[in-house]
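Data block for query.cif (mmCIF, C-alpha atoms):
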```
data_input
#
loop_
_atom_site.label_atom_id
_atom_site.label_comp_id
_atom_site.auth_asym_id
_atom_site.auth_seq_id
_atom_site.Cartn_x
_atom_site.Cartn_y
_atom_site.Cartn_z
CA MET A 1 18.04 0.49 -25.30
CA ARG A 2 15.95 -1.56 -22.90
CA PRO A 3 14.35 0.50 -20.07
CA ALA A 4 15.72 -0.03 -16.59
CA SER A 5 14.12 -2.51 -14.21
CA GLY A 6 13.55 -1.77 -10.55
CA ILE A 7 11.24 -0.59 -7.79
CA LEU A 8 10.44 3.11 -7.58
CA LEU A 9 9.20 4.79 -4.40
CA VAL A 10 7.22 7.98 -5.03
CA ASP A 11 5.81 10.55 -2.61
CA LYS A 12 2.43 11.31 -4.17
CA PRO A 13 1.16 14.84 -3.64
CA GLY A 14 -2.46 15.68 -3.02
CA GLY A 15 -4.82 16.48 -5.86
CA VAL A 16 -3.44 13.94 -8.34
CA THR A 17 -4.45 10.33 -8.79
CA SER A 18 -2.17 7.35 -8.36
CA HIS A 19 -2.75 6.59 -12.02
CA ASP A 20 -1.45 10.07 -12.87
CA VAL A 21 1.78 9.14 -11.08
CA VAL A 22 1.99 5.86 -13.02
CA ALA A 23 1.43 7.71 -16.32
CA ARG A 24 4.12 10.24 -15.45
CA SER A 25 6.53 7.42 -14.55
CA ARG A 26 5.85 5.71 -17.88
CA ARG A 27 6.83 8.86 -19.73
CA ALA A 28 9.92 9.37 -17.59
CA PHE A 29 11.26 5.85 -18.11
CA GLY A 30 10.00 5.38 -21.64
CA THR A 31 8.01 2.22 -20.96
CA ARG A 32 4.41 1.17 -20.49
CA LYS A 33 5.40 -1.78 -18.32
CA ILE A 34 4.83 -0.17 -14.92
CA GLY A 35 2.56 -1.40 -12.17
CA HIS A 36 1.81 -0.44 -8.57
CA ALA A 37 1.50 -2.16 -5.21
CA GLY A 38 -1.59 -0.24 -4.11
CA THR A 39 -3.11 3.15 -4.85
CA LEU A 40 -4.00 6.23 -2.80
CA ASP A 41 -7.11 8.40 -3.09
CA PRO A 42 -6.56 11.75 -4.86
CA MET A 43 -6.91 13.61 -1.54
CA ALA A 44 -4.30 11.40 0.14
CA THR A 45 -0.55 11.92 -0.05
CA GLY A 46 2.44 9.74 0.59
CA LEU A 47 4.13 6.55 -0.43
CA LEU A 48 3.43 4.71 -3.67
CA VAL A 49 5.48 1.66 -4.67
CA LEU A 50 5.87 1.18 -8.43
CA GLY A 51 7.46 -1.71 -10.32
CA ILE A 52 9.19 -0.99 -13.62
CA GLU A 53 9.82 -3.52 -16.41
CA GLY A 54 10.81 -6.96 -15.05
CA ALA A 55 10.45 -5.76 -11.45
CA THR A 56 6.67 -5.65 -11.92
CA ARG A 57 6.82 -9.37 -11.10
CA LEU A 58 7.76 -8.45 -7.53
CA LEU A 59 4.57 -6.46 -6.94
CA THR A 60 2.70 -9.67 -6.11
CA PHE A 61 4.89 -9.97 -3.01
CA LEU A 62 4.50 -6.30 -2.01
CA VAL A 63 0.74 -5.67 -2.23
CA GLY A 64 -0.01 -7.48 1.03
CA LEU A 65 2.53 -5.66 3.22
CA ASP A 66 1.31 -3.77 6.26
CA LYS A 67 1.20 0.03 6.20
CA THR A 68 1.49 3.14 8.35
CA TYR A 69 -0.66 6.25 7.93
CA GLU A 70 -0.75 9.67 9.52
CA THR A 71 -4.26 11.09 9.51
CA THR A 72 -6.57 13.76 10.81
CA ILE A 73 -10.12 12.72 11.73
CA ARG A 74 -12.86 15.31 12.06
CA LEU A 75 -15.56 14.28 14.52
CA GLY A 76 -18.89 16.07 14.31
CA GLN A 77 -19.69 15.63 10.64
CA ALA A 78 -20.44 12.60 8.46
CA THR A 79 -19.92 12.82 4.69
CA THR A 80 -20.99 10.77 1.69
CA THR A 81 -17.42 9.62 1.00
CA ASP A 82 -16.16 9.43 4.60
CA ASP A 83 -13.58 12.08 3.74
CA ALA A 84 -13.47 15.83 3.13
CA GLU A 85 -14.22 15.46 -0.60
CA GLY A 86 -17.77 14.29 0.05
CA GLU A 87 -20.94 16.17 0.90
CA VAL A 88 -21.83 16.63 4.57
CA VAL A 89 -24.86 14.49 5.35
CA ALA A 90 -25.06 14.88 9.14
CA THR A 91 -23.79 17.40 11.69
CA ALA A 92 -23.62 16.84 15.43
CA GLY A 93 -25.00 19.32 17.90
CA ALA A 94 -23.06 20.96 20.71
CA ASP A 95 -24.38 18.57 23.37
CA ALA A 96 -23.32 15.48 21.39
CA LEU A 97 -19.84 16.90 20.86
CA ALA A 98 -19.52 17.75 24.55
CA ALA A 99 -20.47 14.16 25.40
CA ALA A 100 -17.59 12.89 23.23
CA THR A 101 -15.06 13.24 26.02
CA ASP A 102 -11.40 12.30 25.74
CA GLU A 103 -12.19 9.15 27.72
CA ARG A 104 -14.95 8.10 25.32
CA ILE A 105 -12.71 8.83 22.36
CA ALA A 106 -10.03 6.61 23.88
CA GLN A 107 -12.60 3.85 24.39
CA GLY A 108 -13.76 4.17 20.77
CA VAL A 109 -10.19 4.01 19.50
CA ALA A 110 -9.48 0.94 21.64
CA ALA A 111 -12.55 -0.79 20.19
CA LEU A 112 -11.13 -0.21 16.70
CA THR A 113 -7.69 -1.60 17.56
CA GLY A 114 -6.63 -5.20 16.99
CA ARG A 115 -8.43 -7.67 14.73
CA ILE A 116 -11.67 -5.99 13.68
CA SER A 117 -14.46 -6.44 11.15
CA GLN A 118 -14.72 -3.46 8.83
CA VAL A 119 -17.17 -2.53 6.08
CA PRO A 120 -15.21 -0.60 3.42
CA SER A 121 -16.30 2.88 2.42
CA THR A 122 -19.04 2.94 -0.22
CA PHE A 123 -16.83 5.23 -2.32
CA SER A 124 -14.07 2.66 -2.75
CA ALA A 125 -12.44 0.88 -5.68
CA ILE A 126 -13.89 -2.50 -4.68
CA LYS A 127 -15.71 -4.13 -7.57
CA VAL A 128 -19.39 -5.02 -7.25
CA GLY A 129 -20.77 -6.97 -10.19
CA GLY A 130 -17.76 -6.02 -12.27
CA LYS A 131 -18.06 -2.27 -11.56
CA ARG A 132 -16.21 -0.07 -9.08
CA ALA A 133 -18.23 0.74 -5.96
CA TYR A 134 -17.52 4.45 -6.31
CA ASP A 135 -18.90 4.48 -9.86
CA LEU A 136 -22.12 2.85 -8.68
CA ALA A 137 -22.39 5.21 -5.71
CA ARG A 138 -21.86 8.29 -7.89
CA ALA A 139 -24.59 6.99 -10.21
CA GLY A 140 -26.99 7.01 -7.26
CA GLN A 141 -27.18 3.25 -6.83
CA ASP A 142 -27.30 1.62 -3.43
CA VAL A 143 -24.02 -0.17 -2.74
CA GLU A 144 -23.71 -2.86 -0.09
CA LEU A 145 -20.16 -4.03 0.59
CA LYS A 146 -19.30 -7.06 2.68
CA ALA A 147 -17.41 -6.69 5.94
CA ARG A 148 -13.80 -7.82 5.95
CA GLU A 149 -11.38 -8.74 8.69
CA VAL A 150 -8.45 -6.32 9.08
CA THR A 151 -5.82 -5.77 11.76
CA ILE A 152 -5.12 -2.39 13.35
CA SER A 153 -1.91 -2.97 15.27
CA ARG A 154 -1.59 0.68 16.35
CA PHE A 155 -4.19 3.45 16.56
CA ALA A 156 -2.37 6.19 18.43
CA VAL A 157 -4.10 9.53 19.02
CA ASP A 158 -1.35 12.16 18.86
CA ALA A 159 -3.48 15.27 19.47
CA ILE A 160 -7.08 16.33 20.15
CA ARG A 161 -8.33 19.78 19.18
CA ARG A 162 -11.81 21.01 20.10
CA SER A 163 -13.75 23.84 18.52
CA GLY A 164 -17.36 24.91 18.67
CA ASP A 165 -18.55 22.62 15.88
CA ALA A 166 -16.04 19.77 15.70
CA ILE A 167 -13.33 17.70 17.35
CA GLU A 168 -10.18 16.98 15.35
CA LEU A 169 -7.89 14.05 16.09
CA ASP A 170 -4.39 13.63 14.73
CA ALA A 171 -3.54 9.93 14.71
CA THR A 172 -0.91 7.45 13.57
CA ILE A 173 -2.21 4.08 12.39
CA ASP A 174 -0.38 0.84 11.63
CA CYS A 175 -2.64 -1.60 9.79
CA SER A 176 -2.86 -4.62 7.56
CA SER A 177 -3.24 -4.34 3.82
CA GLY A 178 -6.84 -3.73 2.75
CA THR A 179 -7.72 -1.46 5.67
CA TYR A 180 -9.80 1.62 4.88
CA ILE A 181 -8.74 4.50 7.11
CA ARG A 182 -11.83 6.42 5.99
CA ALA A 183 -13.94 3.60 7.44
CA LEU A 184 -12.12 3.92 10.76
CA ALA A 185 -13.00 7.63 10.89
CA ARG A 186 -16.61 6.84 9.96
CA ASP A 187 -16.92 4.06 12.55
CA LEU A 188 -15.28 6.07 15.34
CA GLY A 189 -17.67 8.95 14.69
CA ALA A 190 -20.65 6.60 14.60
CA ALA A 191 -19.65 4.95 17.90
CA LEU A 192 -19.46 8.37 19.53
CA GLY A 193 -22.78 9.43 18.03
CA VAL A 194 -21.31 12.47 16.27
CA GLY A 195 -20.26 11.25 12.83
CA GLY A 196 -16.73 11.43 11.48
CA HIS A 197 -14.64 11.71 8.34
CA LEU A 198 -11.03 12.17 7.24
CA THR A 199 -9.60 15.58 6.46
CA MET A 200 -5.99 14.45 5.93
CA LEU A 201 -4.36 11.14 5.06
CA ARG A 202 -0.68 10.49 4.44
CA ARG A 203 0.87 7.06 3.92
CA THR A 204 4.34 6.99 5.41
CA ARG A 205 5.31 3.31 5.20
CA ILE A 206 4.66 0.14 3.21
CA GLY A 207 6.39 -2.89 4.75
CA PRO A 208 10.11 -2.05 5.09
CA PHE A 209 9.88 0.99 2.76
CA ASP A 210 9.18 4.54 3.93
CA LEU A 211 9.07 8.09 2.65
CA ALA A 212 12.73 8.70 3.43
CA GLY A 213 13.64 6.90 0.20
CA ALA A 214 10.78 8.25 -1.93
CA ALA A 215 11.16 10.51 -4.96
CA SER A 216 9.19 13.68 -5.57
CA ILE A 217 6.83 13.60 -8.53
CA ASP A 218 8.76 16.60 -9.88
CA THR A 219 11.77 14.35 -10.57
CA LEU A 220 9.68 12.36 -13.09
CA ALA A 221 10.04 14.56 -16.13
CA PRO A 222 9.29 13.10 -19.59
CA ASP A 223 12.18 10.99 -20.96
CA SER A 224 14.31 11.78 -17.89
CA ALA A 225 14.87 8.09 -16.98
CA PRO A 226 16.01 8.78 -13.39
CA VAL A 227 17.57 5.33 -12.99
CA GLY A 228 19.35 6.41 -9.82
CA LEU A 229 15.99 6.51 -8.05
CA LEU A 230 15.33 2.81 -8.63
CA LEU A 231 15.83 0.14 -6.00
CA GLU A 232 17.42 -3.03 -7.34
CA PRO A 233 15.03 -6.00 -7.49
CA ALA A 234 17.48 -8.07 -5.44
CA GLU A 235 17.56 -5.48 -2.64
CA VAL A 236 13.78 -5.18 -2.53
CA ALA A 237 13.10 -8.92 -2.57
CA ALA A 238 15.71 -9.60 0.11
CA ARG A 239 14.27 -6.92 2.41
CA VAL A 240 10.75 -8.27 2.05
CA LEU A 241 11.30 -12.04 1.86
CA GLY A 242 14.78 -12.75 3.18
CA ARG A 243 17.84 -13.74 1.17
CA LEU A 244 19.38 -17.00 -0.02
CA ASP A 245 22.70 -16.74 -1.85
CA VAL A 246 23.08 -19.30 -4.63
CA THR A 247 26.00 -20.33 -6.81
CA ALA A 248 26.13 -19.70 -10.54
CA ASP A 249 25.28 -23.36 -11.16
CA GLU A 250 22.34 -23.22 -8.74
CA ALA A 251 21.11 -20.02 -10.37
CA ARG A 252 21.19 -21.73 -13.77
CA ASP A 253 19.29 -24.74 -12.45
CA LEU A 254 16.63 -22.56 -10.82
CA ARG A 255 16.13 -20.61 -14.03
CA HIS A 256 15.64 -23.93 -15.84
CA GLY A 257 12.94 -24.96 -13.38
CA LYS A 258 15.02 -27.45 -11.42
CA ARG A 259 14.79 -27.98 -7.68
CA LEU A 260 17.78 -27.57 -5.42
CA GLU A 261 17.73 -30.80 -3.46
CA GLY A 262 18.98 -30.54 0.12
CA ALA A 263 18.91 -26.73 0.12
CA GLY A 264 15.83 -26.40 2.29
CA GLY A 265 17.93 -26.16 5.44
CA ARG A 266 19.55 -23.00 4.12
CA MET A 267 16.22 -21.14 4.23
CA THR A 268 14.96 -19.59 7.44
CA GLY A 269 11.40 -19.08 6.20
CA ALA A 270 8.91 -20.46 3.72
CA THR A 271 10.11 -18.11 0.97
CA ALA A 272 13.35 -16.31 0.09
CA ALA A 273 14.95 -14.25 -2.64
CA ALA A 274 17.60 -16.21 -4.55
CA ILE A 275 20.60 -13.94 -5.22
CA ASP A 276 23.35 -15.02 -7.64
CA PRO A 277 27.10 -14.30 -7.20
CA ASP A 278 26.75 -11.09 -9.24
CA GLY A 279 24.12 -9.77 -6.84
CA ARG A 280 21.23 -10.27 -9.26
CA LEU A 281 17.83 -11.57 -8.27
CA VAL A 282 17.29 -15.02 -9.79
CA GLY A 283 13.76 -15.42 -8.46
CA ILE A 284 11.61 -16.11 -5.43
CA LEU A 285 12.07 -19.51 -3.82
CA GLU A 286 9.65 -21.74 -1.96
CA ARG A 287 10.69 -24.47 0.40
CA ARG A 288 9.47 -27.94 -0.53
CA GLY A 289 10.54 -30.26 2.27
CA ASP A 290 14.31 -30.53 2.10
CA ALA A 291 14.41 -28.94 -1.35
CA VAL A 292 13.76 -25.47 -2.71
CA LYS A 293 12.05 -24.53 -5.96
CA SER A 294 11.62 -21.25 -7.79
CA ALA A 295 8.06 -19.94 -7.49
CA MET A 296 8.82 -16.97 -9.73
CA ASN A 297 11.84 -16.35 -11.93
CA MET A 298 13.10 -12.90 -12.90
CA PRO A 299 14.20 -12.04 -16.44
CA GLU A 300 17.97 -12.41 -16.74
CA GLU A 301 18.34 -8.99 -18.33
CA GLN A 302 17.72 -6.89 -15.22
CA ARG A 303 20.28 -4.13 -15.51
#
```

What do you get writing this file as structure tokens?
Amino acid sequence: MRPASGILLVDKPGGVTSHDVVARSRRAFGTRKIGHAGTLDPMATGLLVLGIEGATRLLTFLVGLDKTYETTIRLGQATTTDDAEGEVVATAGADALAAATDERIAQGVAALTGRISQVPSTFSAIKVGGKRAYDLARAGQDVELKAREVTISRFAVDAIRRSGDAIELDATIDCSSGTYIRALARDLGAALGVGGHLTMLRRTRIGPFDLAGAASIDTLAPDSAPVGLLLEPAEVAARVLGRLDVTADEARDLRHGKRLEGAGGRMTGATAAAIDPDGRLVGILERRGDAVKSAMNMPEEQR
């Protein structure tokens, strides 16, 4: 029997890797054809989006979605990894911490909100010369990563706690894909002259998907095939890209690579999910003038 196809939302716990979650999902659904729309560090928890079987084709359209994180930033210490798993390399004195007033923190947060240039954390999965940056850094090599433009649409400080040797901020962050929250903690600490790193990171949203619909890793037992947890490809594509209902004849033509002449006016955006009369996802459409053409077709055996 062919494994089910769909999108799986998983709430990753701390202490396991994203690849551990993928491996567990492969055993649960009895297939190796599983991909992801972005990983989380082992320390981090929260939402992972996985594609199973034919739905892996949709991941291309999900990886660039914006995200929401809940985080705790510890000001007063800098670490090698910009999070709590690294070694402390600098500690601020009492006077420096006292100078990091609530007003200065607010100014630092404001400077890191909007369209900003960010240098990713050295301990990241970015490839340098074909090797992961974190592998080079752990080997003691100097790693220089290029700055990238990212958008922080919300950097809301929810609470500030002060102790003798640190200041902890709880924050909620909405950001574009490719943002490193660890780098935000590092840069905020550097701007305040006290150093900073993450002690908690939880991803709560990716595009239109949030933790409310996510499965616990405990539901992914070997050979359990929890098909009821899967989101239908048609539902996912329509939520992300918009929906265009097509007739059975139009669905057949699209699958054969034909354009639908005169159908461009039925689309409200540049792309849309083509849904056939049976509610199945035919593929992802692109508008070409007054016509539409399939940019990506789904396998017909989806269910």

Expand the PyMOL selection byres ((chain A and resi 92-97) around 9) into the explicit residue set it covers here, and present it as a PDB file with C-alpha atoms, keeping the file's coordinate frame.
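To be explicit, this is the file written out as part14.pdb:
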```
ATOM      1  CA  LEU A  75     -15.560  14.280  14.520  1.00  0.00           C
ATOM      2  CA  GLY A  76     -18.890  16.070  14.310  1.00  0.00           C
ATOM      3  CA  GLN A  77     -19.690  15.630  10.640  1.00  0.00           C
ATOM      4  CA  ALA A  78     -20.440  12.600   8.460  1.00  0.00           C
ATOM      5  CA  ALA A  90     -25.060  14.880   9.140  1.00  0.00           C
ATOM      6  CA  THR A  91     -23.790  17.400  11.690  1.00  0.00           C
ATOM      7  CA  ALA A  98     -19.520  17.750  24.550  1.00  0.00           C
ATOM      8  CA  ALA A  99     -20.470  14.160  25.400  1.00  0.00           C
ATOM      9  CA  ALA A 100     -17.590  12.890  23.230  1.00  0.00           C
ATOM     10  CA  THR A 101     -15.060  13.240  26.020  1.00  0.00           C
ATOM     11  CA  GLY A 164     -17.360  24.910  18.670  1.00  0.00           C
ATOM     12  CA  ASP A 165     -18.550  22.620  15.880  1.00  0.00           C
ATOM     13  CA  ALA A 166     -16.040  19.770  15.700  1.00  0.00           C
ATOM     14  CA  ILE A 167     -13.330  17.700  17.350  1.00  0.00           C
ATOM     15  CA  LEU A 192     -19.460   8.370  19.530  1.00  0.00           C
ATOM     16  CA  GLY A 193     -22.780   9.430  18.030  1.00  0.00           C
ATOM     17  CA  VAL A 194     -21.310  12.470  16.270  1.00  0.00           C
ATOM     18  CA  GLY A 195     -20.260  11.250  12.830  1.00  0.00           C
TER      19      GLY A 195
END
```

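The coordinates place atom CA of A:Met267 at 20.5 Å from atom CA of A:Thr60.
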
Need to verify the contact set: A:Ala111, 12 Å, all atoms listed in the file, exclusion of same-chain residues closer than 3 positions in sequence. Can you return it as a VMD selection string? chain A and resid 104 to 108 114 to 118 151 to 155 184 187 to 188 191 to 192

Selection above as a file: C-alpha atoms, as a PDB file, in the frame of the given file:
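New file out_38.pdb:
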```pdb
ATOM      1  CA  ARG A 104     -14.950   8.100  25.320  1.00  0.00           C
ATOM      2  CA  ILE A 105     -12.710   8.830  22.360  1.00  0.00           C
ATOM      3  CA  ALA A 106     -10.030   6.610  23.880  1.00  0.00           C
ATOM      4  CA  GLN A 107     -12.600   3.850  24.390  1.00  0.00           C
ATOM      5  CA  GLY A 108     -13.760   4.170  20.770  1.00  0.00           C
ATOM      6  CA  GLY A 114      -6.630  -5.200  16.990  1.00  0.00           C
ATOM      7  CA  ARG A 115      -8.430  -7.670  14.730  1.00  0.00           C
ATOM      8  CA  ILE A 116     -11.670  -5.990  13.680  1.00  0.00           C
ATOM      9  CA  SER A 117     -14.460  -6.440  11.150  1.00  0.00           C
ATOM     10  CA  GLN A 118     -14.720  -3.460   8.830  1.00  0.00           C
ATOM     11  CA  THR A 151      -5.820  -5.770  11.760  1.00  0.00           C
ATOM     12  CA  ILE A 152      -5.120  -2.390  13.350  1.00  0.00           C
ATOM     13  CA  SER A 153      -1.910  -2.970  15.270  1.00  0.00           C
ATOM     14  CA  ARG A 154      -1.590   0.680  16.350  1.00  0.00           C
ATOM     15  CA  PHE A 155      -4.190   3.450  16.560  1.00  0.00           C
ATOM     16  CA  LEU A 184     -12.120   3.920  10.760  1.00  0.00           C
ATOM     17  CA  ASP A 187     -16.920   4.060  12.550  1.00  0.00           C
ATOM     18  CA  LEU A 188     -15.280   6.070  15.340  1.00  0.00           C
ATOM     19  CA  ALA A 191     -19.650   4.950  17.900  1.00  0.00           C
ATOM     20  CA  LEU A 192     -19.460   8.370  19.530  1.00  0.00           C
TER      21      LEU A 192
END
```

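For the choices A:Gly196, A:Gly283, A:Pro299, A:Gly257, the atom-to-atom distance to A:Thr271 is smallest for A:Gly283 when using only C-alpha atoms.
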
Within 12 Å of (-19.4, 13.8, 0.4) (coordinates as in the file), grab all the protein and nucleic acid residues, counting all atoms listed in the file, and write them out as a PyMOL selection string. chain A and resi 77-90+121-123+134+137-138+182+196-199

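Distance-wise, atom CA of A:Arg26 and atom CA of A:Pro233 end up 18.1 Å apart.
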
Written as a short mmCIF file (atom, residue, chain, number, x, y, z; two decimals) with C-alpha atoms, in the frame of the given file, which residues does the PyMOL selection byres ((chain A and resi 238-255) around 9) give for the file shown?
```cif
data_model
loop_
_atom_site.label_atom_id
_atom_site.label_comp_id
_atom_site.auth_asym_id
_atom_site.auth_seq_id
_atom_site.Cartn_x
_atom_site.Cartn_y
_atom_site.Cartn_z
CA PHE A 61 4.89 -9.97 -3.01
CA LEU A 62 4.50 -6.30 -2.01
CA LEU A 65 2.53 -5.66 3.22
CA GLY A 207 6.39 -2.89 4.75
CA PRO A 208 10.11 -2.05 5.09
CA PRO A 233 15.03 -6.00 -7.49
CA ALA A 234 17.48 -8.07 -5.44
CA GLU A 235 17.56 -5.48 -2.64
CA VAL A 236 13.78 -5.18 -2.53
CA ALA A 237 13.10 -8.92 -2.57
CA HIS A 256 15.64 -23.93 -15.84
CA GLY A 257 12.94 -24.96 -13.38
CA LYS A 258 15.02 -27.45 -11.42
CA ARG A 259 14.79 -27.98 -7.68
CA LEU A 260 17.78 -27.57 -5.42
CA ARG A 266 19.55 -23.00 4.12
CA MET A 267 16.22 -21.14 4.23
CA THR A 268 14.96 -19.59 7.44
CA GLY A 269 11.40 -19.08 6.20
CA ALA A 270 8.91 -20.46 3.72
CA THR A 271 10.11 -18.11 0.97
CA ALA A 272 13.35 -16.31 0.09
CA ALA A 273 14.95 -14.25 -2.64
CA ALA A 274 17.60 -16.21 -4.55
CA ILE A 275 20.60 -13.94 -5.22
CA ASP A 276 23.35 -15.02 -7.64
CA PRO A 277 27.10 -14.30 -7.20
CA ASP A 278 26.75 -11.09 -9.24
CA GLY A 279 24.12 -9.77 -6.84
CA LEU A 281 17.83 -11.57 -8.27
CA VAL A 282 17.29 -15.02 -9.79
CA GLY A 283 13.76 -15.42 -8.46
CA ILE A 284 11.61 -16.11 -5.43
CA LEU A 285 12.07 -19.51 -3.82
CA LYS A 293 12.05 -24.53 -5.96
CA SER A 294 11.62 -21.25 -7.79
CA ASN A 297 11.84 -16.35 -11.93
CA MET A 298 13.10 -12.90 -12.90
CA GLU A 300 17.97 -12.41 -16.74
#
```

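Candidate residues A:Ala263, A:Val227, A:Ala183, A:Ile73 were compared for distance to A:Ala171, and the nearest is A:Ile73, using all atoms listed in the file.
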
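The space between atom CA of A:Gly35 and atom CA of A:Val63 spans 11.0 Å.
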
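Candidate residues A:Ile160, A:Arg186, A:Glu149, A:Thr68 were compared for distance to A:Asp174, and the nearest is A:Thr68, using only C-alpha atoms.
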
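Once the PyMOL selection byres ((chain A and resi 287) around 6) is applied to the depicted file, the selected set reads Gly264, Ala270, Glu286, Arg288 and Val292 of chain A.
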
How would the residues just picked look written out with C-alpha atoms as a PDB file, keeping the file's coordinate frame?
```pdb
ATOM      1  CA  GLY A 264      15.830 -26.400   2.290  1.00  0.00           C
ATOM      2  CA  ALA A 270       8.910 -20.460   3.720  1.00  0.00           C
ATOM      3  CA  GLU A 286       9.650 -21.740  -1.960  1.00  0.00           C
ATOM      4  CA  ARG A 288       9.470 -27.940  -0.530  1.00  0.00           C
ATOM      5  CA  VAL A 292      13.760 -25.470  -2.710  1.00  0.00           C
TER       6      VAL A 292
END
```

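When all atoms listed in the file are used to measure the gap to A:Leu169, the shortest distance among A:Asp223, A:Asp210, A:Glu70, A:Glu232 belongs to A:Glu70.
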
Between A:Gly6, A:Gly289, A:Gly14, A:Gly262, single out the one closest to A:His36, counting all atoms listed in the file. A:Gly6

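Minimum atom-to-atom distances from A:Met43, A:Ala37, A:Ile52, A:Leu58 to A:Ala225 were compared using only C-alpha atoms, and the lowest value belongs to A:Ile52.
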